[in-house]
Amino acid sequence: MVDKATPPQEPVQVAESERFAKLKEAFISKYGTPPAFYVRAPGRVNLIGEHIDYCGYAVLPMALEQDILAAVTPTKTKLIQLANTNPVYLDYNVDINKIHIDTAKPQWHNYFLCGFKGIQERFNLTAGGMNCVVDGTIPASSGLSSSSALVCCAGLITMIANQRVLSKVELAEICAKCERYIGTEGGGMDQSISFLAEKGTAKLIEFNPLRATNVKLPQGAVFVIANSCRAMNKAATAHYNIRVVECRLATKILAKAKGLEWQKLSKLGDLQTELGVSLETMISTVELILHPEPYSREEVCQHLGISQEELCSSILSQNTQDVTSFKLHQRAKHVYSEARRVLQFKTVCDETPANALQLLGDLMNQSHASCRDMYECSCPELDQLVDICVQSGAVGSRLTGAGWGGCAVSMVPTNKLDSFLSKVQEVYYRADIQRAALQAHSLFATQPGAGAAVYHEA
């Protein structure tokens with residue numbers, strides 16, 4: 001059954017909410033009139049299933065209470081006027097007919113423009129302008145999806161401002177696609193959970209077609225986010241897209257070795273579907289066919305029977321044209337084993353055996369080891385932080401988000417939460433002056449939050 005539900009539209013008592021009241025005040029101060037409506041889109045933490053959404057596999061995130069909240073008034077002009085409550089993010093104005101999204105050094109407003117453009121193109125809008133003030137509580141460049149939350153917020157704003165209607169699923173798919181204007185070849189998890197989240201439950205998000213299933217997290221444990229304080233903007237480097245390309249190349253070489261039409265396959269998940277075999281069999285296939293040593297460009301071309309020019313034009317992305325070697329065995333092995341861990345995690349949550357916490361913790365620890373060793377998307381700070389979290393009482397801990405910096409997520413028994421927080425503060429944050437300054441917003445327990453919504457002042 002296709003989910004046709006639209007994002008909720010709710011009344012809000014602005015005067016009774018300090019955050020809404022401050023945002024309204026900032027809006028009036030900037031534009032001289034109160035906003036017509038407000039839009040909220042949450043960040044997310046991925047509990048397990050890293051770097052596999054763009055390979056076609058299911059992931060298991062939950063929305064955070066931290067979010068992007070925007071105040072908006074549509075205008076009769078052709079001007080988008082953007083302001084941010086955080087002075088670090090500069091004001092930005094643009095004519096809607098002259099929108100240019102900078103992929104070289106993405107600024108905050110570029111993510112807003114992605115969301116706007118996605119809806120504009122979906123409806124072929126000759127859209128009106130808007131005045132907007134944005135407020136965010138998601139730490140930036142931390143792997144908690146502040147960028148995608150801004151894209152989703154902008155998409156929903158543009159839909160409401162232009163009096164159009166889309167379901168949450170349609171919005172998620174449009175926002176996943178239009179965020180790629182920034183240059184990152186993402187898979188769709190971040191936008192999907194931002195729209196499809198429900199308070200109190202994590203979600204198994206599956207793709208093609210996009211759908212979300214409730215996953216009830218076990219009693220007796222909480223999830224704690226800890227920021228490594230090493231910033232990572234996945235659109236600003238090639239790391240992320242290199243992994244996407246390595247998975248694409250692994251798919252094609254495996255497909256050719258199996259006698260399939262490799263030109264038509266670009267995702268490891270589609271390859272498994274085409275072969276009609278289990279994840280275990282796919283892991284064995286990787287061991288059998290792909291060698292652990294890196295593949296050179298020449299070797300890739302030789303395997304596929306293509307020229308270097310064809311490799312560059314039809315397989316490599318814009319910012320991976322200069323990559324000279326590819327670790328195909330390691331990347332494919334991570335994807336298939338991580339896809340299996342996601343399903344195992346959901347099964348444990350559904351069946352709640354007596355040792356559920358231990359089983360889930362083990363899966364999280366295995367996930368981090370695979371991200372660190374096979375996918376190489378960790379960093380020394382994250383590895384240190386994950387080790388400290390496990391030593392401080394977490395049953396499981398792993399990097400979350402793209403990696404190379406950002407956050408770790410840990411599952412902590414409720415009765416150990418206080419001692420866990422104080423130990424991690426002591427050993428990771430207070431030992432470093434820069435981290436100590438950021439500690440207040442860097443370490444927190446979290447509950448599954450609600451999805452994107454529109455608010456009208458009551």
# chains A, B, ... in the order shown; residues from 1 in each chain; ligands from 1
>>> residues_around(residues="Leu275 of chain A", least_positions_apart="6", cutoff="9 Å", atoms="only C-alpha atoms", output="list in words")
Ala255, Lys258 and Leu260 of chain A
>>> residues_around(residues="Asn233 of chain A", least_positions_apart="6", cutoff="10 Å", atoms="only C-alpha atoms", output="compact mmCIF listing (two decimals) with N, CA and C atoms, in the first residue's frame")
# COMPACT_ATOMS: atom_id res chain seq x y z
N PRO A 106 29.96 24.62 -0.81
CA PRO A 106 28.55 24.81 -0.49
C PRO A 106 28.34 25.63 0.79
N ALA A 140 26.09 21.41 13.22
CA ALA A 140 26.47 21.35 11.80
C ALA A 140 27.66 20.42 11.59
N SER A 141 27.73 19.79 10.42
CA SER A 141 28.86 18.93 10.02
C SER A 141 29.18 17.87 11.07
N SER A 142 28.10 17.31 11.66
CA SER A 142 28.30 16.35 12.75
C SER A 142 27.77 14.97 12.40
N GLY A 143 27.29 14.77 11.18
CA GLY A 143 26.74 13.46 10.79
C GLY A 143 25.32 13.24 11.28
N SER A 147 22.17 19.26 7.06
CA SER A 147 22.03 19.71 5.67
C SER A 147 20.74 19.19 5.05
N TYR A 240 33.03 10.83 0.14
CA TYR A 240 31.72 10.18 0.05
C TYR A 240 31.48 9.65 -1.37
N ALA A 402 27.86 9.92 7.62
CA ALA A 402 28.85 9.58 6.59
C ALA A 402 30.20 9.15 7.18
N GLY A 403 30.55 9.72 8.35
CA GLY A 403 31.84 9.38 8.96
C GLY A 403 32.90 10.43 8.66
N TRP A 404 34.17 10.02 8.80
CA TRP A 404 35.34 10.90 8.64
C TRP A 404 35.25 12.09 9.61
N GLY A 405 34.58 11.90 10.72
CA GLY A 405 34.28 12.97 11.67
C GLY A 405 32.82 12.85 12.06
N GLY A 406 32.33 13.84 12.82
CA GLY A 406 30.92 13.79 13.23
C GLY A 406 30.72 12.98 14.49
>>> closest_residue(among="A:Ile225, A:Val424, A:Leu60, A:Ala369", to="Ala408 of chain A", atoms="only C-alpha atoms")
A:Ile225
>>> residues_around(residues="Thr414 of chain A", least_positions_apart="2", cutoff="6 Å", atoms="only C-alpha atoms", output="ChimeraX atom specification")
/A:220-222,416-417
>>> closest_atom_pairs(of="segment 194-257 of chain A", to="segment 285-308 of chain A", cutoff="10 Å", atoms="only C-alpha atoms", output="tab-separated table")
residue	atom	partner	partner_atom	distance
A:Glu246	CA	A:Tyr295	CA	9.8
A:Leu249	CA	A:Val300	CA	7.8
A:Ala250	CA	A:Leu290	CA	7.9
A:Thr251	CA	A:Val286	CA	9.9
A:Lys252	CA	A:Leu304	CA	7.7
A:Ile253	CA	A:Leu304	CA	6.6
A:Leu254	CA	A:Ile289	CA	6.9
A:Ala255	CA	A:Leu304	CA	9.9
A:Lys256	CA	A:Leu304	CA	7.3
A:Ala257	CA	A:Ile289	CA	7.5
>>> write_last_selection(atoms="N, CA, C and O atoms", output="PDB file, in the first residue's frame")
ATOM      1  N   GLU A 246      33.061   3.415  -5.910  1.00  0.00           N
ATOM      2  CA  GLU A 246      33.659   2.089  -5.673  1.00  0.00           C
ATOM      3  C   GLU A 246      32.575   1.009  -5.628  1.00  0.00           C
ATOM      4  O   GLU A 246      32.758  -0.091  -6.163  1.00  0.00           O
ATOM      5  N   LEU A 249      31.437   0.399  -9.225  1.00  0.00           N
ATOM      6  CA  LEU A 249      32.403  -0.412  -9.968  1.00  0.00           C
ATOM      7  C   LEU A 249      32.360  -1.870  -9.514  1.00  0.00           C
ATOM      8  O   LEU A 249      32.426  -2.785 -10.349  1.00  0.00           O
ATOM      9  N   ALA A 250      32.255  -2.094  -8.193  1.00  0.00           N
ATOM     10  CA  ALA A 250      32.166  -3.465  -7.674  1.00  0.00           C
ATOM     11  C   ALA A 250      30.944  -4.166  -8.256  1.00  0.00           C
ATOM     12  O   ALA A 250      31.012  -5.336  -8.669  1.00  0.00           O
ATOM     13  N   THR A 251      29.816  -3.440  -8.322  1.00  0.00           N
ATOM     14  CA  THR A 251      28.581  -3.999  -8.893  1.00  0.00           C
ATOM     15  C   THR A 251      28.817  -4.455 -10.326  1.00  0.00           C
ATOM     16  O   THR A 251      28.450  -5.572 -10.715  1.00  0.00           O
ATOM     17  N   LYS A 252      29.450  -3.598 -11.113  1.00  0.00           N
ATOM     18  CA  LYS A 252      29.624  -3.882 -12.542  1.00  0.00           C
ATOM     19  C   LYS A 252      30.597  -5.045 -12.778  1.00  0.00           C
ATOM     20  O   LYS A 252      30.351  -5.903 -13.633  1.00  0.00           O
ATOM     21  N   ILE A 253      31.687  -5.083 -12.002  1.00  0.00           N
ATOM     22  CA  ILE A 253      32.670  -6.166 -12.195  1.00  0.00           C
ATOM     23  C   ILE A 253      32.082  -7.503 -11.731  1.00  0.00           C
ATOM     24  O   ILE A 253      32.241  -8.528 -12.403  1.00  0.00           O
ATOM     25  N   LEU A 254      31.364  -7.497 -10.616  1.00  0.00           N
ATOM     26  CA  LEU A 254      30.698  -8.730 -10.154  1.00  0.00           C
ATOM     27  C   LEU A 254      29.640  -9.182 -11.161  1.00  0.00           C
ATOM     28  O   LEU A 254      29.529 -10.369 -11.473  1.00  0.00           O
ATOM     29  N   ALA A 255      28.864  -8.223 -11.671  1.00  0.00           N
ATOM     30  CA  ALA A 255      27.801  -8.549 -12.632  1.00  0.00           C
ATOM     31  C   ALA A 255      28.385  -9.169 -13.898  1.00  0.00           C
ATOM     32  O   ALA A 255      27.874 -10.160 -14.427  1.00  0.00           O
ATOM     33  N   LYS A 256      29.494  -8.589 -14.383  1.00  0.00           N
ATOM     34  CA  LYS A 256      30.117  -9.118 -15.604  1.00  0.00           C
ATOM     35  C   LYS A 256      30.651 -10.528 -15.362  1.00  0.00           C
ATOM     36  O   LYS A 256      30.482 -11.415 -16.201  1.00  0.00           O
ATOM     37  N   ALA A 257      31.274 -10.725 -14.190  1.00  0.00           N
ATOM     38  CA  ALA A 257      31.810 -12.054 -13.857  1.00  0.00           C
ATOM     39  C   ALA A 257      30.700 -13.096 -13.780  1.00  0.00           C
ATOM     40  O   ALA A 257      30.927 -14.279 -14.038  1.00  0.00           O
TER      41      ALA A 257
END
>>> closest_residue(among="A:Ser397, A:Ser17, A:Ser317, A:Ser167", to="Val244 of chain A", atoms="only C-alpha atoms")
A:Ser317
>>> residues_around(residues="segment 335-337 of chain A", least_positions_apart="6", cutoff="9 Å", atoms="only C-alpha atoms", output="list of chain:residue names")
A:Gly49, A:Glu50, A:His51, A:Ile52, A:Cys55, A:Tyr57, A:Cys247, A:Leu268, A:Gly269, A:Leu279, A:Glu280, A:Met282, A:Ile283, A:Ser367, A:Ser370, A:Tyr375
>>> write_last_selection(atoms="C-alpha atoms", output="PDB file, in the first residue's frame")
ATOM      1  CA  GLY A  49      23.051   0.643   8.193  1.00  0.00           C
ATOM      2  CA  GLU A  50      25.862   2.988   7.169  1.00  0.00           C
ATOM      3  CA  HIS A  51      26.639   3.818   3.536  1.00  0.00           C
ATOM      4  CA  ILE A  52      24.154   1.276   2.185  1.00  0.00           C
ATOM      5  CA  CYS A  55      23.350   0.752  -2.721  1.00  0.00           C
ATOM      6  CA  TYR A  57      19.578  -1.450   1.040  1.00  0.00           C
ATOM      7  CA  CYS A 247      30.330   0.368  -4.963  1.00  0.00           C
ATOM      8  CA  LEU A 268      24.982  -3.729  -5.174  1.00  0.00           C
ATOM      9  CA  GLY A 269      21.396  -4.266  -4.007  1.00  0.00           C
ATOM     10  CA  LEU A 279      23.245 -11.767   1.496  1.00  0.00           C
ATOM     11  CA  GLU A 280      25.430 -14.620   2.772  1.00  0.00           C
ATOM     12  CA  MET A 282      26.731 -12.275  -1.935  1.00  0.00           C
ATOM     13  CA  ILE A 283      29.445 -12.045   0.748  1.00  0.00           C
ATOM     14  CA  SER A 367      29.142  -2.183  12.232  1.00  0.00           C
ATOM     15  CA  SER A 370      33.394  -2.687   9.334  1.00  0.00           C
ATOM     16  CA  TYR A 375      34.813   1.058   4.375  1.00  0.00           C
TER      17      TYR A 375
END
>>> residues_around(residues="Leu69 of chain A", least_positions_apart="2", cutoff="9 Å", atoms="only C-alpha atoms", output="PDB file with N, CA and C atoms, in the first residue's frame")
ATOM      1  N   PHE A  20       9.737  29.381  19.383  1.00  0.00           N
ATOM      2  CA  PHE A  20       8.864  29.993  18.373  1.00  0.00           C
ATOM      3  C   PHE A  20       8.779  31.511  18.577  1.00  0.00           C
ATOM      4  N   LEU A  23      11.900  33.186  17.377  1.00  0.00           N
ATOM      5  CA  LEU A  23      11.975  33.143  15.915  1.00  0.00           C
ATOM      6  C   LEU A  23      11.013  34.160  15.297  1.00  0.00           C
ATOM      7  N   TYR A  38       5.117  28.441   9.956  1.00  0.00           N
ATOM      8  CA  TYR A  38       6.420  27.897  10.372  1.00  0.00           C
ATOM      9  C   TYR A  38       6.538  26.467   9.839  1.00  0.00           C
ATOM     10  N   VAL A  39       7.773  26.035   9.571  1.00  0.00           N
ATOM     11  CA  VAL A  39       8.013  24.655   9.138  1.00  0.00           C
ATOM     12  C   VAL A  39       9.182  24.087   9.940  1.00  0.00           C
ATOM     13  N   ARG A  40       9.015  22.839  10.361  1.00  0.00           N
ATOM     14  CA  ARG A  40      10.064  22.144  11.120  1.00  0.00           C
ATOM     15  C   ARG A  40      10.454  20.859  10.397  1.00  0.00           C
ATOM     16  N   ALA A  41      11.760  20.578  10.316  1.00  0.00           N
ATOM     17  CA  ALA A  41      12.249  19.294   9.795  1.00  0.00           C
ATOM     18  C   ALA A  41      13.378  18.810  10.708  1.00  0.00           C
ATOM     19  N   PRO A  42      13.276  17.565  11.214  1.00  0.00           N
ATOM     20  CA  PRO A  42      14.269  17.087  12.190  1.00  0.00           C
ATOM     21  C   PRO A  42      15.548  16.537  11.560  1.00  0.00           C
ATOM     22  N   ASP A  67      16.411  20.016  15.370  1.00  0.00           N
ATOM     23  CA  ASP A  67      15.759  20.239  14.080  1.00  0.00           C
ATOM     24  C   ASP A  67      16.168  21.554  13.431  1.00  0.00           C
ATOM     25  N   ALA A  71      10.649  30.283   9.896  1.00  0.00           N
ATOM     26  CA  ALA A  71       9.470  31.160   9.834  1.00  0.00           C
ATOM     27  C   ALA A  71       9.424  31.748   8.438  1.00  0.00           C
ATOM     28  N   VAL A 133      13.245  33.196   7.848  1.00  0.00           N
ATOM     29  CA  VAL A 133      14.298  33.171   8.875  1.00  0.00           C
ATOM     30  C   VAL A 133      14.417  31.735   9.370  1.00  0.00           C
ATOM     31  N   VAL A 134      15.642  31.223   9.377  1.00  0.00           N
ATOM     32  CA  VAL A 134      15.910  29.824   9.735  1.00  0.00           C
ATOM     33  C   VAL A 134      16.609  29.762  11.092  1.00  0.00           C
ATOM     34  N   ASP A 135      16.183  28.792  11.900  1.00  0.00           N
ATOM     35  CA  ASP A 135      16.828  28.544  13.202  1.00  0.00           C
ATOM     36  C   ASP A 135      17.138  27.056  13.287  1.00  0.00           C
ATOM     37  N   GLY A 136      18.352  26.705  13.674  1.00  0.00           N
ATOM     38  CA  GLY A 136      18.718  25.287  13.734  1.00  0.00           C
ATOM     39  C   GLY A 136      19.285  24.882  15.078  1.00  0.00           C
ATOM     40  N   THR A 137      18.932  23.659  15.525  1.00  0.00           N
ATOM     41  CA  THR A 137      19.508  23.131  16.771  1.00  0.00           C
ATOM     42  C   THR A 137      20.320  21.861  16.531  1.00  0.00           C
ATOM     43  N   LEU A 150      17.651  20.828   6.342  1.00  0.00           N
ATOM     44  CA  LEU A 150      17.427  22.140   5.727  1.00  0.00           C
ATOM     45  C   LEU A 150      16.817  21.989   4.326  1.00  0.00           C
ATOM     46  N   CYS A 153      13.202  21.003   4.901  1.00  0.00           N
ATOM     47  CA  CYS A 153      12.475  22.177   5.390  1.00  0.00           C
ATOM     48  C   CYS A 153      12.140  23.109   4.224  1.00  0.00           C
TER      49      CYS A 153
END
>>> residues_around(residues="Arg180 of chain A", least_positions_apart="6", cutoff="10 Å", atoms="only C-alpha atoms", output="ChimeraX atom specification")
/A:103,111,114,186-187,235
>>> write_last_selection(atoms="C-alpha atoms", output="mmCIF file, in the first residue's frame")
data_model
loop_
_atom_site.group_PDB
_atom_site.id
_atom_site.type_symbol
_atom_site.label_atom_id
_atom_site.label_comp_id
_atom_site.auth_asym_id
_atom_site.auth_seq_id
_atom_site.Cartn_x
_atom_site.Cartn_y
_atom_site.Cartn_z
ATOM 1 C CA THR A 103 28.965 22.718 -5.570
ATOM 2 C CA TYR A 111 20.902 23.532 0.709
ATOM 3 C CA CYS A 114 18.156 22.604 -3.449
ATOM 4 C CA GLY A 186 23.330 10.379 -1.461
ATOM 5 C CA GLY A 187 20.882 7.524 -1.107
ATOM 6 C CA ALA A 235 29.659 17.768 0.066
#
>>> residues_around(residues="segment 3-7 of chain A", least_positions_apart="6", cutoff="7 Å", atoms="only C-alpha atoms", output="PyMOL selection string")
chain A and resi 166-169+452-453
>>> write_last_selection(atoms="N, CA and C atoms", output="PDB file, in the first residue's frame")
ATOM      1  N   LEU A 166       1.705  17.378  -1.583  1.00  0.00           N
ATOM      2  CA  LEU A 166       2.474  16.159  -1.839  1.00  0.00           C
ATOM      3  C   LEU A 166       2.444  15.290  -0.594  1.00  0.00           C
ATOM      4  N   SER A 167       2.548  13.976  -0.773  1.00  0.00           N
ATOM      5  CA  SER A 167       2.628  13.084   0.390  1.00  0.00           C
ATOM      6  C   SER A 167       4.032  13.160   0.992  1.00  0.00           C
ATOM      7  N   LYS A 168       4.179  12.649   2.196  1.00  0.00           N
ATOM      8  CA  LYS A 168       5.503  12.602   2.843  1.00  0.00           C
ATOM      9  C   LYS A 168       6.488  11.812   1.978  1.00  0.00           C
ATOM     10  N   VAL A 169       5.996  10.696   1.412  1.00  0.00           N
ATOM     11  CA  VAL A 169       6.860   9.851   0.578  1.00  0.00           C
ATOM     12  C   VAL A 169       7.333  10.618  -0.654  1.00  0.00           C
ATOM     13  N   ALA A 452       8.758  15.856   9.940  1.00  0.00           N
ATOM     14  CA  ALA A 452       8.547  17.248   9.497  1.00  0.00           C
ATOM     15  C   ALA A 452       7.077  17.652   9.611  1.00  0.00           C
ATOM     16  N   ALA A 453       6.848  18.921   9.929  1.00  0.00           N
ATOM     17  CA  ALA A 453       5.485  19.429  10.121  1.00  0.00           C
ATOM     18  C   ALA A 453       5.414  20.914   9.791  1.00  0.00           C
TER      19      ALA A 453
END
>>> atom_distance(atom1="atom CA of Thr273 of chain A", atom2="atom CA of Leu343 of chain A")
16.0 Å
>>> select_by_dssp(residues="segment 277-341 of chain A", states="strand (DSSP E or B)", output="ChimeraX atom specification")
/A:295-296,325-326
>>> closest_residue(among="A:Ser392, A:Ser266, A:Thr352, A:Ser378", to="Pro218 of chain A", atoms="only C-alpha atoms")
A:Thr352
>>> decode(residues="segment 250-261 of chain A", atoms="N, CA and C atoms", output="mmCIF file, in the first residue's frame")
data_model
loop_
_atom_site.group_PDB
_atom_site.id
_atom_site.type_symbol
_atom_site.label_atom_id
_atom_site.label_comp_id
_atom_site.auth_asym_id
_atom_site.auth_seq_id
_atom_site.Cartn_x
_atom_site.Cartn_y
_atom_site.Cartn_z
ATOM 1 N N ALA A 250 32.255 -2.094 -8.193
ATOM 2 C CA ALA A 250 32.166 -3.465 -7.674
ATOM 3 C C ALA A 250 30.944 -4.166 -8.256
ATOM 4 N N THR A 251 29.816 -3.440 -8.322
ATOM 5 C CA THR A 251 28.581 -3.999 -8.893
ATOM 6 C C THR A 251 28.817 -4.455 -10.326
ATOM 7 N N LYS A 252 29.450 -3.598 -11.113
ATOM 8 C CA LYS A 252 29.624 -3.882 -12.542
ATOM 9 C C LYS A 252 30.597 -5.045 -12.778
ATOM 10 N N ILE A 253 31.687 -5.083 -12.002
ATOM 11 C CA ILE A 253 32.670 -6.166 -12.195
ATOM 12 C C ILE A 253 32.082 -7.503 -11.731
ATOM 13 N N LEU A 254 31.364 -7.497 -10.616
ATOM 14 C CA LEU A 254 30.698 -8.730 -10.154
ATOM 15 C C LEU A 254 29.640 -9.182 -11.161
ATOM 16 N N ALA A 255 28.864 -8.223 -11.671
ATOM 17 C CA ALA A 255 27.801 -8.549 -12.632
ATOM 18 C C ALA A 255 28.385 -9.169 -13.898
ATOM 19 N N LYS A 256 29.494 -8.589 -14.383
ATOM 20 C CA LYS A 256 30.117 -9.118 -15.604
ATOM 21 C C LYS A 256 30.651 -10.528 -15.362
ATOM 22 N N ALA A 257 31.274 -10.725 -14.190
ATOM 23 C CA ALA A 257 31.810 -12.054 -13.857
ATOM 24 C C ALA A 257 30.700 -13.096 -13.780
ATOM 25 N N LYS A 258 29.493 -12.647 -13.435
ATOM 26 C CA LYS A 258 28.345 -13.557 -13.311
ATOM 27 C C LYS A 258 27.540 -13.658 -14.616
ATOM 28 N N GLY A 259 28.040 -13.032 -15.663
ATOM 29 C CA GLY A 259 27.384 -13.139 -16.964
ATOM 30 C C GLY A 259 26.124 -12.311 -17.109
ATOM 31 N N LEU A 260 25.974 -11.280 -16.280
ATOM 32 C CA LEU A 260 24.787 -10.418 -16.359
ATOM 33 C C LEU A 260 25.073 -9.210 -17.260
ATOM 34 N N GLU A 261 24.006 -8.475 -17.597
ATOM 35 C CA GLU A 261 24.177 -7.235 -18.373
ATOM 36 C C GLU A 261 24.687 -6.142 -17.429
#
